[in-house]
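Scroll down for the structure; my scribbles are underneath it.
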Number of protein chains: 2
Amino acid sequence: MTLHETLMEMGDRAVAAERQLATLGTRRKNLILEAMAEALEANRDRIKEANSRDMAAGRAAALTDAMLDRLLLTDKRIDSMINGVRALIGLKDPVGQKISRWIRPNGLVIQKIRVPIGVIGIIYESRPNVTVDAAALCFKASNAVILRGGKEALESNLALADILQSGGLRKGLPPHSIQFIATTDHEAVRELVQLEGRVDLVIPRGGEALIRAVTEQARVPVIKHYKGICHAYVDESADPAKALDIIENGKCSRPGVCNALEKVLIHQKIAPEFLPRLIERLAGRRVELRGDEAARVLAPELAPAQPADWDQEYLDLTLTVGLVPSLDAAIAHINRHGSHHSDTILAESKKAQDVFLAQVDSACVYANASTRFTDGGEFGMGAEIGISTDKLHARGPMALEELTTYKYIIQGNGQIRP
Amino acid sequence: MTLHETLMEMGDRAVAAERQLATLGTRRKNLILEAMAEALEANRDRIKEANSRDMAAGRAAALTDAMLDRLLLTDKRIDSMINGVRALIGLKDPVGQKISRWIRPNGLVIQKIRVPIGVIGIIYESRPNVTVDAAALCFKASNAVILRGGKEALESNLALADILQSGGLRKGLPPHSIQFIATTDHEAVRELVQLEGRVDLVIPRGGEALIRAVTEQARVPVIKHYKGICHAYVDESADPAKALDIIENGKCSRPGVCNALEKVLIHQKIAPEFLPRLIERLAGRRVELRGDEAARVLAPELAPAQPADWDQEYLDLTLTVGLVPSLDAAIAHINRHGSHHSDTILAESKKAQDVFLAQVDSACVYANASTRFTDGGEFGMGAEIGISTDKLHARGPMALEELTTYKYIIQGNGQIRP
């Protein structure tokens, strides 16, 4: 079979699985999730054995220590995957929910009902825990899933996907509900994202290069975020103590993630007082600060920011600081240079907050809080399949509800259109 | 300027307009809609004059009478456009609506707020009334719009778009909120659908060839339907009189539209009684009936249906009839051959209705009613920008709410993530 035929067959099998998945009730799905968790528990040795082969290949390929660490599956990490599956049992099932219902003058009863999306493709890199998280979350929303993980984790991923599918099968999981693409051939990604009519949605997770490649090749809908260039704007009305805490948290608590702070804009009126305190605070955390010209007038010790700095996601302990003459200028800057992900205003003025919250065109807009809260768990969704900076279907953290769509059910008693 | 530069500039202008549109309140938007309606009223002569140039060119190009009729703008049709604009004034403004609000244990207040999508591209054919309908509807949801109409209607469309924009401008419509692509160059469509970062959504309206071309070239999200292959399934429990009325209405009331009925599946138990009555009823309406083998055993006078008939949208007084052994077989057939648009079950059995409504994977699924009701107006939405058979963002009739997205607004008092 050619790669094209293989993917077409996977697509056909996923569609067949999806038809059966759509008929499962919440209780049955929860029994299957428990069976998946138990299967992971019962197959620890198999998981670790498969993982050790990936680790050996990774060492032979001279992967960095950081990459090897992301690849490694310890008992603690397996526990965490098992807990993640069990946590879904307690979450409300969105499928079947009545979004709205109304009756037309002619007596037609129209209901808008939440239903699964269908077949979802997930494309991701290195960490094998994504295999379990994504498969279980798509399943809880009654979707079939086709997974494509990074080549470094192939053995681990194949084992995990097989354990979930065969473990769930014993409690009624339809065959081929969870499929993993077994080849590392790069062309498989292209085939997957062009399966129009078989795959309803692709969610790519990983670096910007991966996501751009997926988006450019795709014929099926893709929900994604390229990067997170998150801003804090320090208004003239800011409480400096709060602002310092929030900026430090945004930059330092986990610099390598998409909701970390990358840029700070300071109102020029408050800058002479605020900037030195910010420099001092971040120096204690070894953050490399870069300043625009106006900031360097106040603090000549800052490294000069280049124009390209404003459009760059550092994912590191680096931060660019600039001065703005007004709230409006801050908003215009963020809408132009930001990534429409998460941005925060630090201001005591309610009016300034309201203008910022209304006019910044990002998925998540904060007042006096850290951008690091952009996360399905922190939002109270109980899980997360990804974050969207797209505007259609889902924006911001995506969880169970965002893995569904709706349909209209219209009940009549013989109505015809005049 | 190259075509690419022209479209980039239109995109930039639309983005600038969109920033201002997002700040307009409902009252202001309604004043602008009234000003647009008045401008159409005041410019009847200009509209008819531009239209007469299109008509002359159309006659010179030997357009069919049907095409010329679609192109023609009479006073009555202009009245209808004006009424359409005024009707939007009374519709509820979805922008700013609070979809949900919750408070996290750490005190963060999270609100999910409906906001405009941003910049919408509309690509359509012949009828110039779409220019007015689409522009006014996108505007009511605070979106900027870039229109691209059929080349036959270029003069009419340019006049209408200019009248709307300049009429609205007098009451505060931001410049370039409504733009029309003035060239008929085919490449302009490609440029438009590849304006990533400037255009947030493209809605193509027209024949399948147009929509496929748009979808294949697009880099920005597209919402669409290719075609409407709508089914009626006549269950063994059907009330034959209701079923005949609904099938006749579905096929004959307007055969050229996407929600018209194209296929009828009859349960084999009821077929010996029902099929002859159906043949008789539709003969009276001059419908050409094609039957599968089992139908032709009962009614040898039927023209034989070819396998390809099941996947074809006739848009004409033609209907294919087949027999099925069960409800399940009907559902499987519809999910395989249908276009996921609108399908109806004709059944008195509540159980059969429930299975059909749950398992048919279409945007609109009916019990005992005509598929012809799939329409924004008939659903009570007050307007319609199109119908989606896609699964993401919007499914079925799309109106004001479907021209919005949401964002999260998170208010804190200094929260940082532990």
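Each chain of the structure tokens is named A, B, ... in the order shown, its residues numbered from 1; ligands are numbered from 1 in display order.
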Give me the least-squares superposed chain B (reference chain A; all C-alpha atoms paired in order) as a CSV table (one decimal) with C-alpha atoms, in the first residue's frame.
chain,number,residue,atom,x,y,z
B,1,MET,CA,0.0,0.0,0.0
B,2,THR,CA,1.2,3.5,-0.8
B,3,LEU,CA,1.4,6.1,2.0
B,4,HIS,CA,-1.7,7.8,0.4
B,5,GLU,CA,-3.6,4.6,0.5
B,6,THR,CA,-2.6,3.9,4.1
B,7,LEU,CA,-3.8,7.3,5.2
B,8,MET,CA,-7.0,7.0,3.2
B,9,GLU,CA,-7.7,3.7,4.9
B,10,MET,CA,-7.0,5.2,8.3
B,11,GLY,CA,-9.4,8.0,7.4
B,12,ASP,CA,-12.1,5.5,6.4
B,13,ARG,CA,-11.6,3.5,9.6
B,14,ALA,CA,-11.8,6.7,11.7
B,15,VAL,CA,-15.1,7.7,10.0
B,16,ALA,CA,-16.5,4.2,10.7
B,17,ALA,CA,-15.4,4.5,14.3
B,18,GLU,CA,-16.9,8.0,14.6
B,19,ARG,CA,-20.3,6.7,13.6
B,20,GLN,CA,-20.2,4.3,16.5
B,21,LEU,CA,-18.7,6.8,18.9
B,22,ALA,CA,-21.5,9.2,18.3
B,23,THR,CA,-24.0,6.6,19.8
B,24,LEU,CA,-22.1,6.1,23.1
B,25,GLY,CA,-23.6,7.5,26.2
B,26,THR,CA,-21.7,9.3,28.9
B,27,ARG,CA,-21.7,6.4,31.3
B,28,ARG,CA,-20.3,4.0,28.7
B,29,LYS,CA,-17.6,6.6,27.8
B,30,ASN,CA,-16.6,6.9,31.4
B,31,LEU,CA,-16.3,3.1,31.8
B,32,ILE,CA,-14.1,3.1,28.7
B,33,LEU,CA,-11.9,5.9,30.2
B,34,GLU,CA,-11.5,3.9,33.4
B,35,ALA,CA,-10.6,0.8,31.3
B,36,MET,CA,-8.0,3.0,29.5
B,37,ALA,CA,-6.5,4.1,32.8
B,38,GLU,CA,-6.3,0.5,34.1
B,39,ALA,CA,-4.7,-0.6,30.9
B,40,LEU,CA,-2.0,2.0,31.3
B,41,GLU,CA,-1.5,0.9,34.9
B,42,ALA,CA,-1.3,-2.8,33.9
B,43,ASN,CA,1.2,-2.1,31.0
B,44,ARG,CA,3.8,0.0,32.8
B,45,ASP,CA,6.5,-2.4,31.9
B,46,ARG,CA,5.6,-2.4,28.3
B,47,ILE,CA,5.5,1.4,28.2
B,48,LYS,CA,8.9,1.8,29.9
B,49,GLU,CA,10.4,-0.9,27.7
B,50,ALA,CA,9.2,0.9,24.6
B,51,ASN,CA,10.4,4.2,26.0
B,52,SER,CA,13.8,2.8,26.8
B,53,ARG,CA,14.2,1.9,23.1
B,54,ASP,CA,13.3,5.6,22.2
B,55,MET,CA,15.8,6.8,24.8
B,56,ALA,CA,18.6,4.6,23.4
B,57,ALA,CA,17.9,5.8,19.9
B,58,GLY,CA,17.8,9.3,21.1
B,59,ARG,CA,21.2,9.0,22.9
B,60,ALA,CA,22.6,7.4,19.7
B,61,ALA,CA,21.3,10.3,17.7
B,62,ALA,CA,22.9,12.7,20.2
B,63,LEU,CA,19.7,14.4,21.3
B,64,THR,CA,20.3,17.2,23.9
B,65,ASP,CA,19.7,16.5,27.5
B,66,ALA,CA,16.7,18.7,27.5
B,67,MET,CA,15.2,16.7,24.6
B,68,LEU,CA,16.0,13.4,26.2
B,69,ASP,CA,14.3,14.6,29.4
B,70,ARG,CA,11.2,15.5,27.5
B,71,LEU,CA,11.2,12.0,26.0
B,72,LEU,CA,11.7,10.1,29.2
B,73,LEU,CA,8.8,8.3,30.8
B,74,THR,CA,9.2,7.6,34.5
B,75,ASP,CA,6.7,6.0,36.8
B,76,LYS,CA,5.8,9.4,38.1
B,77,ARG,CA,5.1,10.6,34.5
B,78,ILE,CA,3.1,7.5,33.8
B,79,ASP,CA,1.1,8.2,37.0
B,80,SER,CA,0.4,11.6,35.8
B,81,MET,CA,-0.9,10.3,32.5
B,82,ILE,CA,-3.2,7.9,34.3
B,83,ASN,CA,-4.5,10.6,36.5
B,84,GLY,CA,-5.1,12.8,33.5
B,85,VAL,CA,-7.3,10.1,32.0
B,86,ARG,CA,-9.2,9.5,35.2
B,87,ALA,CA,-9.7,13.3,35.6
B,88,LEU,CA,-11.8,13.3,32.4
B,89,ILE,CA,-14.3,10.9,33.9
B,90,GLY,CA,-15.5,13.7,36.3
B,91,LEU,CA,-15.8,16.3,33.6
B,92,LYS,CA,-19.2,17.2,32.2
B,93,ASP,CA,-19.9,15.5,28.8
B,94,PRO,CA,-20.6,18.3,26.3
B,95,VAL,CA,-22.1,15.9,23.7
B,96,GLY,CA,-25.9,16.0,23.5
B,97,GLN,CA,-26.2,19.3,25.3
B,98,LYS,CA,-29.1,21.5,24.2
B,99,ILE,CA,-27.5,24.9,23.3
B,100,SER,CA,-30.9,26.4,22.5
B,101,ARG,CA,-34.5,25.5,21.5
B,102,TRP,CA,-37.2,27.6,20.0
B,103,ILE,CA,-40.6,27.2,18.3
B,104,ARG,CA,-41.5,28.9,15.0
B,105,PRO,CA,-44.9,30.4,14.4
B,106,ASN,CA,-45.6,27.5,12.0
B,107,GLY,CA,-45.1,25.0,14.9
B,108,LEU,CA,-41.6,23.8,13.9
B,109,VAL,CA,-39.5,23.0,17.0
B,110,ILE,CA,-35.9,23.9,16.3
B,111,GLN,CA,-33.1,22.6,18.6
B,112,LYS,CA,-29.4,23.4,18.4
B,113,ILE,CA,-27.6,20.4,19.9
B,114,ARG,CA,-24.0,19.9,20.7
B,115,VAL,CA,-22.4,17.0,18.7
B,116,PRO,CA,-18.9,15.6,18.2
B,117,ILE,CA,-16.8,17.2,15.5
B,118,GLY,CA,-16.0,13.8,14.0
B,119,VAL,CA,-12.5,12.8,13.1
B,120,ILE,CA,-9.7,14.9,14.6
B,121,GLY,CA,-6.0,14.8,13.6
B,122,ILE,CA,-3.4,15.8,16.2
B,123,ILE,CA,0.2,16.5,15.1
B,124,TYR,CA,2.7,17.1,17.8
B,125,GLU,CA,6.4,16.9,18.8
B,126,SER,CA,8.5,14.9,21.3
B,127,ARG,CA,6.5,14.6,24.6
B,128,PRO,CA,4.8,11.2,24.6
B,129,ASN,CA,2.2,12.3,27.3
B,130,VAL,CA,0.4,14.2,24.5
B,131,THR,CA,-0.6,10.8,23.0
B,132,VAL,CA,-2.6,10.0,26.1
B,133,ASP,CA,-3.9,13.5,26.9
B,134,ALA,CA,-5.1,14.1,23.3
B,135,ALA,CA,-6.6,10.7,22.7
B,136,ALA,CA,-8.5,10.6,25.9
B,137,LEU,CA,-9.8,14.2,25.5
B,138,CYS,CA,-10.9,13.7,21.9
B,139,PHE,CA,-12.6,10.4,23.0
B,140,LYS,CA,-14.5,12.0,25.9
B,141,ALA,CA,-16.1,14.4,23.3
B,142,SER,CA,-16.9,11.3,21.2
B,143,ASN,CA,-14.4,12.1,18.4
B,144,ALA,CA,-12.2,9.6,16.6
B,145,VAL,CA,-8.6,10.6,16.6
B,146,ILE,CA,-5.6,10.1,14.3
B,147,LEU,CA,-2.4,10.9,16.1
B,148,ARG,CA,1.0,11.8,14.6
B,149,GLY,CA,3.8,12.3,17.1
B,150,GLY,CA,7.4,13.2,16.8
B,151,LYS,CA,9.8,10.6,15.4
B,152,GLU,CA,11.9,10.5,18.6
B,153,ALA,CA,9.0,9.1,20.6
B,154,LEU,CA,7.7,6.6,18.0
B,155,GLU,CA,8.0,3.5,20.1
B,156,SER,CA,6.6,5.1,23.2
B,157,ASN,CA,3.7,6.6,21.3
B,158,LEU,CA,2.8,3.4,19.4
B,159,ALA,CA,2.7,1.5,22.7
B,160,LEU,CA,0.6,4.1,24.4
B,161,ALA,CA,-1.9,4.4,21.6
B,162,ASP,CA,-2.2,0.6,21.3
B,163,ILE,CA,-2.7,0.3,25.1
B,164,LEU,CA,-5.5,2.9,25.1
B,165,GLN,CA,-7.3,1.5,22.1
B,166,SER,CA,-7.1,-2.2,23.2
B,167,GLY,CA,-7.8,-1.3,26.8
B,168,GLY,CA,-10.9,0.7,25.9
B,169,LEU,CA,-12.0,-2.0,23.4
B,170,ARG,CA,-12.7,-4.4,26.3
B,171,LYS,CA,-15.4,-1.9,27.6
B,172,GLY,CA,-16.8,-1.1,24.2
B,173,LEU,CA,-14.5,1.4,22.5
B,174,PRO,CA,-15.2,1.1,18.8
B,175,PRO,CA,-12.2,-0.3,16.8
B,176,HIS,CA,-9.9,2.4,15.3
B,177,SER,CA,-11.2,5.1,17.6
B,178,ILE,CA,-7.6,5.9,18.4
B,179,GLN,CA,-5.1,5.4,15.6
B,180,PHE,CA,-1.5,6.4,15.5
B,181,ILE,CA,0.5,6.9,12.2
B,182,ALA,CA,3.2,4.3,12.4
B,183,THR,CA,5.6,5.8,9.9
B,184,THR,CA,7.9,8.7,10.5
B,185,ASP,CA,7.8,9.6,6.8
B,186,HIS,CA,7.3,13.4,6.6
B,187,GLU,CA,4.8,13.0,3.7
B,188,ALA,CA,2.4,11.4,6.1
B,189,VAL,CA,1.6,14.8,7.6
B,190,ARG,CA,0.7,16.2,4.2
B,191,GLU,CA,-1.5,13.2,3.5
B,192,LEU,CA,-3.2,13.6,6.8
B,193,VAL,CA,-4.0,17.3,6.5
B,194,GLN,CA,-5.4,16.8,3.0
B,195,LEU,CA,-7.9,14.1,3.9
B,196,GLU,CA,-10.9,16.2,3.1
B,197,GLY,CA,-14.2,14.4,3.8
B,198,ARG,CA,-12.4,12.0,6.3
B,199,VAL,CA,-10.7,14.4,8.7
B,200,ASP,CA,-12.8,17.2,10.1
B,201,LEU,CA,-10.1,19.2,12.0
B,202,VAL,CA,-6.4,19.1,12.5
B,203,ILE,CA,-4.7,20.6,15.7
B,204,PRO,CA,-1.0,21.0,15.3
B,205,ARG,CA,1.0,21.5,18.5
B,206,GLY,CA,4.6,22.4,18.6
B,207,GLY,CA,7.1,25.0,17.2
B,208,GLU,CA,6.1,27.6,14.7
B,209,ALA,CA,7.9,25.9,11.8
B,210,LEU,CA,5.8,22.7,12.3
B,211,ILE,CA,2.6,24.7,12.5
B,212,ARG,CA,3.3,26.8,9.4
B,213,ALA,CA,4.1,23.7,7.4
B,214,VAL,CA,0.8,22.1,8.5
B,215,THR,CA,-1.2,25.2,7.8
B,216,GLU,CA,0.2,25.7,4.3
B,217,GLN,CA,-0.4,22.1,3.3
B,218,ALA,CA,-3.8,21.7,4.8
B,219,ARG,CA,-7.0,21.3,2.9
B,220,VAL,CA,-9.0,20.5,6.1
B,221,PRO,CA,-9.6,23.1,8.9
B,222,VAL,CA,-6.7,23.8,11.2
B,223,ILE,CA,-6.9,25.4,14.7
B,224,LYS,CA,-3.6,26.6,16.0
B,225,HIS,CA,-1.4,29.3,17.5
B,226,TYR,CA,1.9,30.1,15.8
B,227,LYS,CA,3.4,31.8,18.9
B,228,GLY,CA,2.7,33.7,22.0
B,229,ILE,CA,4.1,37.3,22.0
B,230,CYS,CA,2.4,38.4,25.2
B,231,HIS,CA,2.5,42.0,26.4
B,232,ALA,CA,2.1,43.8,29.7
B,233,TYR,CA,1.1,47.4,29.5
B,234,VAL,CA,1.9,49.4,32.6
B,235,ASP,CA,-0.6,52.3,32.7
B,236,GLU,CA,0.1,55.6,34.4
B,237,SER,CA,-2.4,54.5,36.9
B,238,ALA,CA,-0.7,51.2,37.7
B,239,ASP,CA,0.1,50.0,41.2
B,240,PRO,CA,3.8,49.5,40.9
B,241,ALA,CA,4.0,46.7,43.4
B,242,LYS,CA,1.3,44.6,41.7
B,243,ALA,CA,2.8,45.4,38.3
B,244,LEU,CA,6.3,44.2,39.3
B,245,ASP,CA,4.8,40.9,40.7
B,246,ILE,CA,2.8,40.3,37.6
B,247,ILE,CA,5.6,41.0,35.2
B,248,GLU,CA,8.1,38.9,37.2
B,249,ASN,CA,5.6,36.0,37.2
B,250,GLY,CA,4.8,36.4,33.5
B,251,LYS,CA,8.4,36.3,32.5
B,252,CYS,CA,10.1,34.1,35.0
B,253,SER,CA,7.7,31.4,36.2
B,254,ARG,CA,8.1,29.4,33.0
B,255,PRO,CA,9.8,31.3,30.2
B,256,GLY,CA,9.6,28.6,27.6
B,257,VAL,CA,5.8,28.5,27.2
B,258,CYS,CA,3.4,30.4,25.0
B,259,ASN,CA,1.7,32.4,27.7
B,260,ALA,CA,5.0,33.7,29.1
B,261,LEU,CA,5.5,37.5,28.9
B,262,GLU,CA,7.7,38.7,26.1
B,263,LYS,CA,7.2,42.5,26.0
B,264,VAL,CA,6.5,45.3,28.5
B,265,LEU,CA,5.2,48.7,27.5
B,266,ILE,CA,5.3,51.5,30.1
B,267,HIS,CA,3.4,54.7,30.0
B,268,GLN,CA,6.0,57.5,29.7
B,269,LYS,CA,4.6,59.4,32.7
B,270,ILE,CA,5.2,56.5,35.2
B,271,ALA,CA,8.4,55.2,33.5
B,272,PRO,CA,10.9,57.4,35.4
B,273,GLU,CA,9.7,55.9,38.6
B,274,PHE,CA,8.8,52.4,37.4
B,275,LEU,CA,11.5,51.4,34.9
B,276,PRO,CA,14.4,51.5,37.5
B,277,ARG,CA,12.4,49.3,39.9
B,278,LEU,CA,11.6,46.8,37.0
B,279,ILE,CA,15.2,46.7,36.1
B,280,GLU,CA,16.2,45.9,39.7
B,281,ARG,CA,13.5,43.3,40.1
B,282,LEU,CA,14.3,41.4,37.0
B,283,ALA,CA,18.1,41.6,37.5
B,284,GLY,CA,17.5,39.5,40.6
B,285,ARG,CA,16.0,36.8,38.3
B,286,ARG,CA,18.8,37.1,35.6
B,287,VAL,CA,16.4,38.4,32.9
B,288,GLU,CA,18.1,40.0,29.9
B,289,LEU,CA,16.4,43.3,29.4
B,290,ARG,CA,16.4,45.1,26.0
B,291,GLY,CA,15.1,48.7,25.8
B,292,ASP,CA,13.8,51.0,23.1
B,293,GLU,CA,15.3,54.4,22.6
B,294,ALA,CA,13.1,56.2,25.1
B,295,ALA,CA,13.7,53.5,27.7
B,296,ARG,CA,17.4,53.8,27.2
B,297,VAL,CA,17.3,57.6,27.8
B,298,LEU,CA,16.1,56.7,31.3
B,299,ALA,CA,18.2,53.6,31.7
B,300,PRO,CA,21.3,53.8,29.4
B,301,GLU,CA,22.6,50.5,30.8
B,302,LEU,CA,19.8,48.6,28.9
B,303,ALA,CA,20.8,46.7,25.8
B,304,PRO,CA,19.3,48.4,22.7
B,305,ALA,CA,16.2,46.7,21.3
B,306,GLN,CA,16.2,46.2,17.5
B,307,PRO,CA,12.9,46.7,15.6
B,308,ALA,CA,12.7,42.9,15.1
B,309,ASP,CA,12.7,42.4,18.9
B,310,TRP,CA,9.0,43.5,19.0
B,311,ASP,CA,8.0,40.6,16.7
B,312,GLN,CA,10.1,37.9,18.3
B,313,GLU,CA,9.1,35.2,20.8
B,314,TYR,CA,12.1,34.6,23.0
B,315,LEU,CA,10.8,31.6,25.0
B,316,ASP,CA,13.7,32.4,27.3
B,317,LEU,CA,14.7,34.8,30.1
B,318,THR,CA,14.7,37.8,27.8
B,319,LEU,CA,12.3,40.7,27.8
B,320,THR,CA,12.0,43.9,25.7
B,321,VAL,CA,10.8,47.1,27.3
B,322,GLY,CA,9.5,50.2,25.6
B,323,LEU,CA,7.8,53.5,26.5
B,324,VAL,CA,4.5,54.6,25.1
B,325,PRO,CA,2.9,58.1,25.2
B,326,SER,CA,-0.6,56.8,25.8
B,327,LEU,CA,-3.0,53.9,26.4
B,328,ASP,CA,-4.1,54.2,22.7
B,329,ALA,CA,-0.5,53.9,21.6
B,330,ALA,CA,-0.1,50.8,23.7
B,331,ILE,CA,-3.2,49.2,22.2
B,332,ALA,CA,-2.1,50.0,18.7
B,333,HIS,CA,1.3,48.5,19.3
B,334,ILE,CA,-0.1,45.3,20.8
B,335,ASN,CA,-2.7,44.9,18.0
B,336,ARG,CA,0.1,45.4,15.4
B,337,HIS,CA,3.0,43.4,17.0
B,338,GLY,CA,1.3,41.0,19.3
B,339,SER,CA,0.2,37.4,18.4
B,340,HIS,CA,-3.4,37.9,19.5
B,341,HIS,CA,-2.7,35.4,22.3
B,342,SER,CA,-2.7,37.0,25.8
B,343,ASP,CA,-2.0,40.6,26.9
B,344,THR,CA,-2.5,42.3,30.2
B,345,ILE,CA,-3.0,45.9,31.4
B,346,LEU,CA,-1.7,46.9,34.8
B,347,ALA,CA,-3.8,49.8,35.9
B,348,GLU,CA,-5.9,51.0,38.8
B,349,SER,CA,-8.0,53.2,36.5
B,350,LYS,CA,-11.2,51.4,35.7
B,351,LYS,CA,-11.6,53.5,32.5
B,352,ALA,CA,-8.2,52.5,31.2
B,353,GLN,CA,-8.9,48.8,32.0
B,354,ASP,CA,-12.2,49.0,30.1
B,355,VAL,CA,-10.6,50.6,27.0
B,356,PHE,CA,-7.8,48.1,26.9
B,357,LEU,CA,-10.0,45.1,27.5
B,358,ALA,CA,-12.4,46.2,24.7
B,359,GLN,CA,-9.8,47.2,22.1
B,360,VAL,CA,-7.0,44.7,22.4
B,361,ASP,CA,-7.8,42.1,19.8
B,362,SER,CA,-6.5,39.0,21.6
B,363,ALA,CA,-7.9,35.7,22.6
B,364,CYS,CA,-7.3,36.5,26.3
B,365,VAL,CA,-7.1,40.0,27.6
B,366,TYR,CA,-6.3,40.6,31.3
B,367,ALA,CA,-6.5,43.4,33.8
B,368,ASN,CA,-4.1,43.2,36.7
B,369,ALA,CA,-3.3,39.5,36.3
B,370,SER,CA,-0.6,37.4,34.9
B,371,THR,CA,-0.8,36.2,31.2
B,372,ARG,CA,0.4,32.8,32.6
B,373,PHE,CA,-3.2,32.0,33.5
B,374,THR,CA,-4.1,31.3,29.8
B,375,ASP,CA,-4.5,27.6,30.2
B,376,GLY,CA,-7.4,25.2,30.2
B,377,GLY,CA,-6.7,24.0,33.7
B,378,GLU,CA,-6.3,27.5,35.1
B,379,PHE,CA,-9.5,28.6,33.4
B,380,GLY,CA,-11.3,25.7,35.1
B,381,MET,CA,-11.9,23.7,32.0
B,382,GLY,CA,-10.3,20.6,33.6
B,383,ALA,CA,-8.2,19.9,30.6
B,384,GLU,CA,-6.7,21.4,27.5
B,385,ILE,CA,-6.1,20.2,23.9
B,386,GLY,CA,-4.4,23.4,22.9
B,387,ILE,CA,-4.7,27.2,22.6
B,388,SER,CA,-6.1,28.9,19.6
B,389,THR,CA,-5.2,32.4,18.4
B,390,ASP,CA,-7.4,31.8,15.4
B,391,LYS,CA,-10.8,33.6,15.4
B,392,LEU,CA,-13.0,30.9,14.1
B,393,HIS,CA,-14.6,28.1,16.1
B,394,ALA,CA,-12.4,28.4,19.1
B,395,ARG,CA,-10.3,31.1,20.6
B,396,GLY,CA,-8.0,30.8,23.7
B,397,PRO,CA,-7.7,27.6,25.7
B,398,MET,CA,-9.5,24.7,24.0
B,399,ALA,CA,-11.0,21.8,26.0
B,400,LEU,CA,-14.0,19.4,25.7
B,401,GLU,CA,-16.6,22.0,24.5
B,402,GLU,CA,-14.2,23.2,21.8
B,403,LEU,CA,-13.9,19.6,20.5
B,404,THR,CA,-17.6,19.6,19.6
B,405,THR,CA,-19.8,21.3,17.0
B,406,TYR,CA,-23.6,21.5,16.8
B,407,LYS,CA,-26.4,20.5,14.5
B,408,TYR,CA,-30.0,21.7,14.2
B,409,ILE,CA,-32.7,19.2,14.9
B,410,ILE,CA,-36.1,20.3,13.5
B,411,GLN,CA,-39.3,18.5,14.5
B,412,GLY,CA,-42.5,19.1,12.6
B,413,ASN,CA,-45.9,17.5,11.9
B,414,GLY,CA,-46.1,17.9,8.2
B,415,GLN,CA,-44.9,21.5,7.7
B,416,ILE,CA,-44.1,22.6,4.1
B,417,ARG,CA,-42.7,25.9,3.0
B,418,PRO,CA,-45.2,28.2,1.4
(message) Taking the DSSP secondary structure from the backbone, can you list the residues of range 141-333 of chain A that are strand (DSSP E), as a ChimeraX atom specification?
(response) /A:144-148,178-180,201-204,230-234,261-267,288-291,303-304,318-324
List every residue of range 219-346 of chain A that DSSP, applied to the backbone, labels as helix (DSSP H, G or I), and write the result as a compact mmCIF listing (two decimals) with C-alpha atoms, in the first residue's frame.
# COMPACT_ATOMS: atom_id res chain seq x y z
CA PRO A 240 3.82 49.49 40.88
CA ALA A 241 4.00 46.65 43.43
CA LYS A 242 1.28 44.62 41.70
CA ALA A 243 2.79 45.41 38.30
CA LEU A 244 6.24 44.18 39.36
CA ASP A 245 4.81 40.94 40.72
CA ILE A 246 2.77 40.27 37.59
CA ILE A 247 5.63 41.03 35.21
CA GLU A 248 8.06 38.88 37.18
CA ASN A 249 5.54 36.03 37.23
CA GLY A 250 4.77 36.43 33.53
CA LYS A 251 8.42 36.32 32.52
CA CYS A 252 10.08 34.05 35.05
CA ALA A 271 8.38 55.22 33.49
CA PRO A 272 10.95 57.36 35.37
CA GLU A 273 9.71 55.85 38.63
CA PHE A 274 8.77 52.37 37.40
CA LEU A 275 11.55 51.39 34.99
CA PRO A 276 14.40 51.42 37.56
CA ARG A 277 12.34 49.26 39.90
CA LEU A 278 11.57 46.82 37.07
CA ILE A 279 15.25 46.63 36.10
CA GLU A 280 16.19 45.91 39.68
CA ARG A 281 13.50 43.28 40.18
CA LEU A 282 14.34 41.37 36.99
CA ALA A 283 18.09 41.61 37.54
CA GLU A 293 15.38 54.35 22.64
CA ALA A 294 13.10 56.11 25.09
CA ALA A 295 13.71 53.45 27.75
CA ARG A 296 17.48 53.77 27.21
CA VAL A 297 17.30 57.52 27.79
CA LEU A 298 16.08 56.68 31.30
CA PRO A 307 12.91 46.65 15.61
CA ALA A 308 12.76 42.87 15.10
CA ASP A 309 12.70 42.36 18.86
CA TRP A 310 9.07 43.43 18.97
CA ASP A 311 7.98 40.57 16.72
CA LEU A 327 -2.99 53.93 26.35
CA ASP A 328 -4.04 54.22 22.71
CA ALA A 329 -0.46 53.87 21.56
CA ALA A 330 -0.05 50.76 23.70
CA ILE A 331 -3.19 49.20 22.23
CA ALA A 332 -2.12 50.02 18.66
CA HIS A 333 1.33 48.52 19.33
CA ILE A 334 -0.12 45.31 20.78
CA ASN A 335 -2.64 44.85 17.99
CA ARG A 336 0.13 45.34 15.44
CA HIS A 337 3.03 43.38 16.96
